[in-house]
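What follows is one structure encoded as structure tokens, with my remarks underneath.
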Amino acid sequence: MYRIGIDIGATNMRVALFQSDTQLVAREQVKTEAALGPAQALEKLVKMIQLVDPKRLAVGVGICAPGPLDLANGSILDAPNLPGWFGFSIRDQLAKYVNRPVFLINDAKAAAIAEASIGAGRGFNSVQYITVSTGVGGGFVYGGELFSGSHGHASEIGNMIVEASLPNGTLENICSGSALLYTSKKLFGEDKTAAELFVQYKANHKQAHQVIDEWLQHFSAAVTSIIQVLDPEVFVLGGSVILHHPWLIEKLQPVVAGQVYGSMKENIQLKVASLGDDAGLYGAMMLVKGKEW
């Protein structure tokens, strides 16, 4: 069975055709240019679908996008990374063009499904996925099923308070790639990216070390809280910040261990996501069920 997965990100949009859960047949990527509005993005998506599936083999299309989302109506709400897209019915609008079933899910939750099914969380009964990229998101998979909560907002961990002394001491506001970018520009110049912060860290720059140490403390606070509430078998960490700097997990492990009960220390498992930037594509595709088109 052929299915299409779409990943709408703040920077890039990806479209891929899959023949099975693990066989990616064709893939296209373009800039989102989110500030130009959803209409131009929709036009790009339609063209990419035609490119990856010219013979119309796919039985349906799965889309993952930044939240919050209105899943009942298939629309994007006030996603910080998609300004001007509020209320855009991406699911129904795309369905008109492709004339096939279209499904919508939060991007982090899509990646959680994929990583738990065929990625680094495979074989574990309970998987907490966390992505650290432009923002911070997550998804909790138990017994092979995504736990969405009563209103579909479970595991919106970016909104967890990890520093109560700050006006907006959320995990996303402190530990996201955007937060690191802001700090890097402040310390090293407006022309610098977040990568400069890690370059300076490895060069033993004092302030860079302080920033990363604080990042570890705040991120570990979130992980520790999740352990105490959900007790997942494994944490799978992805997103550009983690994928480009996987050594952060090694640094994170002892910090988390120092904050949990002694009897829980040996059960902490932190793994790097194995599907890379395509985790959302795989998860979105897995939403599609049905007969051959």
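Labels used: A, B, ... for chains in the order of the structure tokens, numbers from 1 for residues in each chain, and numbers from 1 for ligands as shown.
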
*Can you list, as a list in words, every protein, DNA or RNA residue that comes within 9 Å of Ile157 (chain A) when you count only C-alpha atoms, leaving out same-chain residues fewer than 3 positions away?*
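Answer for this query is Ile130, Val136, Gly137, Gly138, Gly139, Ala154, Met160, Ile161, Thr170, Leu171, Glu172 and Ala222 of chain A.
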
*asked:* Considering only strand (DSSP E) as DSSP defines it on the backbone, what residues of region 49-165 of chain A qualify? List them as a count of residues only.
replied: 31

_Nearest residue to Gln259 (chain A) out of A:Leu281, A:Ser220, A:Lys44, A:Leu275, using only C-alpha atoms?_
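Closest residue, counting only C-alpha atoms: A:Ser220.
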
*Just list the residues in region 82-218 of chain A DSSP gives alpha helix (DSSP H) on the backbone, as a PyMOL selection string.*
chain A and resi 90-98+107-118+171-175+177-188+194-202+206-218

*Between CA of Val141 (chain A) and CA of Gly121 (chain A) - distance in Å to one decimal*: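 About the pair CA of Gly121 (chain A) and CA of Val141 (chain A): they are 9.4 Å apart.
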
*Find the residues near Ala108 (chain A): any atom within 10 Å, counting only C-alpha atoms, skip ones fewer than 6 places away on the same chain, and give them as a PyMOL selection string.*
chain A and resi 64-67+114+129-132+136-140+155-156+238-239+279-280+283

*Would you please work out which residue, of A:Gly60, A:Pro246, A:Pro38, A:Gly5, is nearest to Ile76 (chain A) when using only C-alpha atoms?*
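Among the listed residues, A:Pro38 lies closest to Ile76 (chain A).
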
*Suppose you want the space between CA of Asn73 (chain A) and CA of His153 (chain A); what is it in Å?*
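Answer for the CA of Asn73 (chain A) to CA of His153 (chain A) separation: 15.1 Å.
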
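If only C-alpha atoms are the atoms counted, then among A:Val223, A:Ala273, A:Ile49, A:Ala41 the closest residue to Leu252 (chain A) is A:Val223.
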
*Using only C-alpha atoms, which residues sit within 9 Å of Arg91 (chain A) once same-chain residues fewer than 6 positions away are excluded, as a list in words?*
Gly62, Ile63, Asn73, Gly74, Ser75, Pro101, Val102, Phe103 and Leu104 of chain A
